[in-house]
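File shown: data_11.txt. Contents: compact mmCIF, C-alpha atoms.
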# COMPACT_ATOMS: atom_id res chain seq x y z
CA MET Z 85 -9.16 -34.70 -6.94
CA THR Z 86 -8.16 -32.90 -10.14
CA PHE Z 87 -7.07 -29.27 -10.24
CA PRO Z 88 -6.69 -27.06 -13.29
CA LYS Z 89 -3.05 -26.92 -14.42
CA SER Z 90 -2.57 -23.43 -12.92
CA CYS Z 91 -3.65 -24.68 -9.47
CA GLU Z 92 -1.42 -27.74 -9.76
CA CYS Z 93 1.57 -25.49 -10.48
CA LEU Z 94 0.77 -23.39 -7.40
CA ILE Z 95 0.51 -26.49 -5.25
CA TYR Z 96 3.80 -27.93 -6.56
CA ALA Z 97 5.57 -24.60 -6.05
CA THR Z 98 4.28 -24.21 -2.52
CA GLU Z 99 5.21 -27.80 -1.71
CA ALA Z 100 8.77 -27.03 -2.82
CA VAL Z 101 8.90 -24.15 -0.35
CA CYS Z 102 7.34 -26.25 2.40
CA GLY Z 103 10.47 -28.29 2.83
CA CYS Z 104 12.24 -25.10 3.91
CA VAL Z 105 9.61 -23.52 6.15
CA PRO Z 106 8.16 -25.41 9.13
CA GLY Z 107 4.38 -25.50 9.31
CA LEU Z 108 3.67 -24.93 5.64
CA ARG Z 109 3.00 -28.55 4.74
CA GLY Z 110 -0.28 -28.46 6.68
CA LEU Z 111 -1.37 -25.33 4.84
CA VAL Z 112 -0.72 -26.97 1.48
CA LEU Z 113 -2.66 -30.06 2.54
CA HIS Z 114 -5.54 -27.77 3.53
CA LEU Z 115 -5.38 -26.13 0.11
CA GLU Z 116 -5.45 -29.54 -1.60
CA LYS Z 117 -8.58 -30.54 0.35
CA ILE Z 118 -10.68 -27.68 -1.01
CA GLN Z 119 -13.17 -29.34 -3.34
CA PRO Z 120 -14.27 -27.72 -6.62
CA PRO Z 121 -17.47 -25.75 -5.79
CA LEU Z 122 -20.81 -25.97 -7.60
CA ALA Z 123 -22.50 -22.59 -7.00
CA GLN Z 124 -21.16 -19.04 -7.52
CA ALA Z 125 -21.44 -18.19 -3.82
CA SER Z 126 -19.49 -21.30 -3.01
CA ILE Z 127 -16.87 -20.33 -5.63
CA ASP Z 128 -16.42 -16.96 -3.95
CA VAL Z 129 -15.96 -18.62 -0.56
CA LYS Z 130 -13.45 -21.11 -1.96
CA ILE Z 131 -11.49 -18.36 -3.75
CA THR Z 132 -11.36 -16.33 -0.54
CA GLU Z 133 -10.14 -19.39 1.36
CA ILE Z 134 -7.47 -20.17 -1.25
CA LEU Z 135 -6.24 -16.56 -1.20
CA ARG Z 136 -6.11 -16.65 2.60
CA VAL Z 137 -4.02 -19.83 2.54
CA VAL Z 138 -1.71 -18.44 -0.17
CA ASP Z 139 -1.26 -15.25 1.88
CA GLU Z 140 -0.42 -17.31 4.95
CA ILE Z 141 2.12 -19.33 2.94
CA GLN Z 142 3.72 -16.14 1.65
CA ASN Z 143 3.93 -14.71 5.16
CA HIS Z 144 5.68 -17.87 6.35
CA SER Z 145 8.01 -17.67 3.34
CA LYS Z 146 9.33 -14.17 4.18
CA PRO Z 147 12.40 -15.38 6.16
CA VAL Z 148 13.29 -17.74 3.30
CA ILE Z 149 13.06 -14.91 0.73
CA GLU Z 150 15.10 -12.58 2.95
CA HIS Z 151 17.79 -15.26 3.32
CA CYS Z 152 17.77 -15.86 -0.44
CA TYR Z 153 18.19 -12.13 -1.15
CA ARG Z 154 20.93 -11.75 1.44
CA GLU Z 155 22.86 -14.64 -0.14
CA PHE Z 156 22.28 -13.19 -3.62
CA LEU Z 157 23.79 -9.87 -2.56
CA LEU Z 158 26.76 -11.54 -0.88
CA GLN Z 159 27.50 -13.89 -3.77
CA ASN Z 160 26.94 -11.39 -6.59
CA SER Z 161 28.57 -8.26 -5.21
CA ASP Z 162 31.66 -8.44 -7.44
CA PRO Z 163 30.70 -7.22 -10.94
CA ASP Z 164 33.76 -8.97 -12.42
CA GLU Z 165 32.73 -12.35 -11.02
CA ARG Z 166 28.99 -12.39 -11.63
CA GLU Z 167 27.23 -13.97 -14.57
CA TYR Z 168 25.89 -10.72 -16.09
CA PRO Z 169 27.80 -7.43 -16.08
CA GLU Z 170 24.69 -5.24 -15.82
CA PRO Z 171 23.01 -5.24 -12.39
CA GLU Z 172 19.52 -5.30 -13.92
CA ASP Z 173 20.34 -8.44 -15.93
CA GLN Z 174 21.88 -10.15 -12.90
CA ILE Z 175 18.79 -9.37 -10.82
CA ARG Z 176 16.34 -10.52 -13.47
CA GLU Z 177 18.10 -13.73 -14.49
CA VAL Z 178 19.87 -14.91 -11.34
CA LEU Z 179 17.70 -13.56 -8.53
CA ILE Z 180 14.19 -13.42 -9.94
CA HIS Z 181 14.11 -16.12 -12.63
CA GLY Z 182 16.67 -18.33 -10.90
CA ASN Z 183 14.66 -18.39 -7.69
CA TYR Z 184 11.16 -18.20 -9.24
CA LEU Z 185 10.35 -15.08 -7.24
CA SER Z 186 6.80 -13.74 -7.31
CA GLN Z 187 5.91 -10.05 -7.18
CA ARG Z 188 5.26 -10.46 -3.46
CA ASP Z 189 8.71 -12.02 -3.05
CA ILE Z 190 10.26 -9.09 -4.92
CA GLU Z 191 8.47 -6.70 -2.57
CA ILE Z 192 10.15 -8.48 0.35
CA CYS Z 193 13.53 -7.97 -1.36
CA LEU Z 194 12.73 -4.30 -1.95
CA SER Z 195 12.20 -3.87 1.81
CA PHE Z 196 15.47 -5.59 2.72
CA ASP Z 197 17.63 -3.63 5.19
CA LEU Z 198 21.14 -3.29 3.80
CA ASP Z 199 22.53 -1.67 6.96
CA THR Z 200 24.14 -4.94 8.08
CA PHE Z 201 26.34 -4.80 4.98
CA VAL Z 202 27.70 -1.26 5.55
CA PRO Z 203 30.97 -2.45 7.18
CA LEU Z 204 31.72 -4.84 4.30
CA PRO Z 205 34.10 -3.70 1.53
CA GLU Z 206 31.56 -4.95 -1.05
CA TYR Z 207 28.80 -2.72 0.33
CA GLN Z 208 28.80 -0.25 -2.58
CA ASN Z 209 28.40 -3.08 -5.10
CA MET Z 210 25.57 -4.57 -3.02
CA ARG Z 211 23.95 -1.13 -2.84
CA GLU Z 212 24.25 -0.88 -6.63
CA LEU Z 213 22.42 -4.21 -7.04
CA HIS Z 214 19.71 -3.20 -4.58
CA ASP Z 215 19.28 0.22 -6.20
CA ALA Z 216 18.90 -1.51 -9.59
CA LEU Z 217 16.21 -3.75 -8.08
CA VAL Z 218 14.36 -0.70 -6.76
CA ALA Z 219 14.73 1.18 -10.06
CA THR Z 220 13.49 -1.78 -12.12
CA TRP Z 221 10.86 -3.37 -9.88
CA GLY Z 222 9.48 -0.49 -7.83
CA THR Z 223 9.69 0.87 -4.35
CA PRO Z 224 9.26 -1.11 -1.15
CA ASN Z 225 5.69 -1.13 0.15
CA ILE Z 226 5.72 -3.78 2.86
Translate the structure of the given file into structure tokens.
Amino acid sequence: MTFPKSCECLIYATEAVCGCVPGLRGLVLHLEKIQPPLAQASIDVKITEILRVVDEIQNHSKPVIEHCYREFLLQNSDPDEREYPEPEDQIREVLIHGNYLSQRDIEICLSFDLDTFVPLPEYQNMRELHDALVATWGTPNI
């Protein structure tokens, strides 16, 4: 079966995530089995089904995104050691572009609970990074 390039990219990206999240491989295989429809009503049904599967994949990906964001905060808390001095640049280049985060992934990061970091000496720097994420990318709505 042949997909348009945009669908192929989605499938390859989700397959990359599938190695990290149990149960996602079956969802991707289901997505690959959806045949190109012929009638408009069938198109609407297929689009709805694809969006449902993508939503399910994103829901399964939440723990992976949370782990990624936690590691980002831990590894980038020292402004003197990170790649970009400005928090906004570090977030955009290292977190978002470096991890190919979608808007939905960013929303998961926005909702991240920083309370576990309060006892750490780097907490203020982590808070600065998180506040820059909120200021640049919006408020949490998950």
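In this model, the gap between atom CA of Ser186 of chain Z and atom CA of Ser145 of chain Z comes to 11.4 Å.
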One decimal place gives the atom CA of Ile190 of chain Z-atom CA of Leu217 of chain Z separation as 8.6 Å
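Separating atom CA of His151 of chain Z from atom CA of Leu135 of chain Z is a distance of 24.5 Å.
The closest residue to Leu194 of chain Z, picked from Z:Arg176, Z:His214, Z:Arg166, Z:Arg154 and counting all atoms listed in the file, is Z:His214.
With only C-alpha atoms as the atoms that count, the residue of Z:Ile134, Z:Ile192, Z:Asp139, Z:Leu204 with the shortest distance to Cys152 of chain Z is Z:Ile192.
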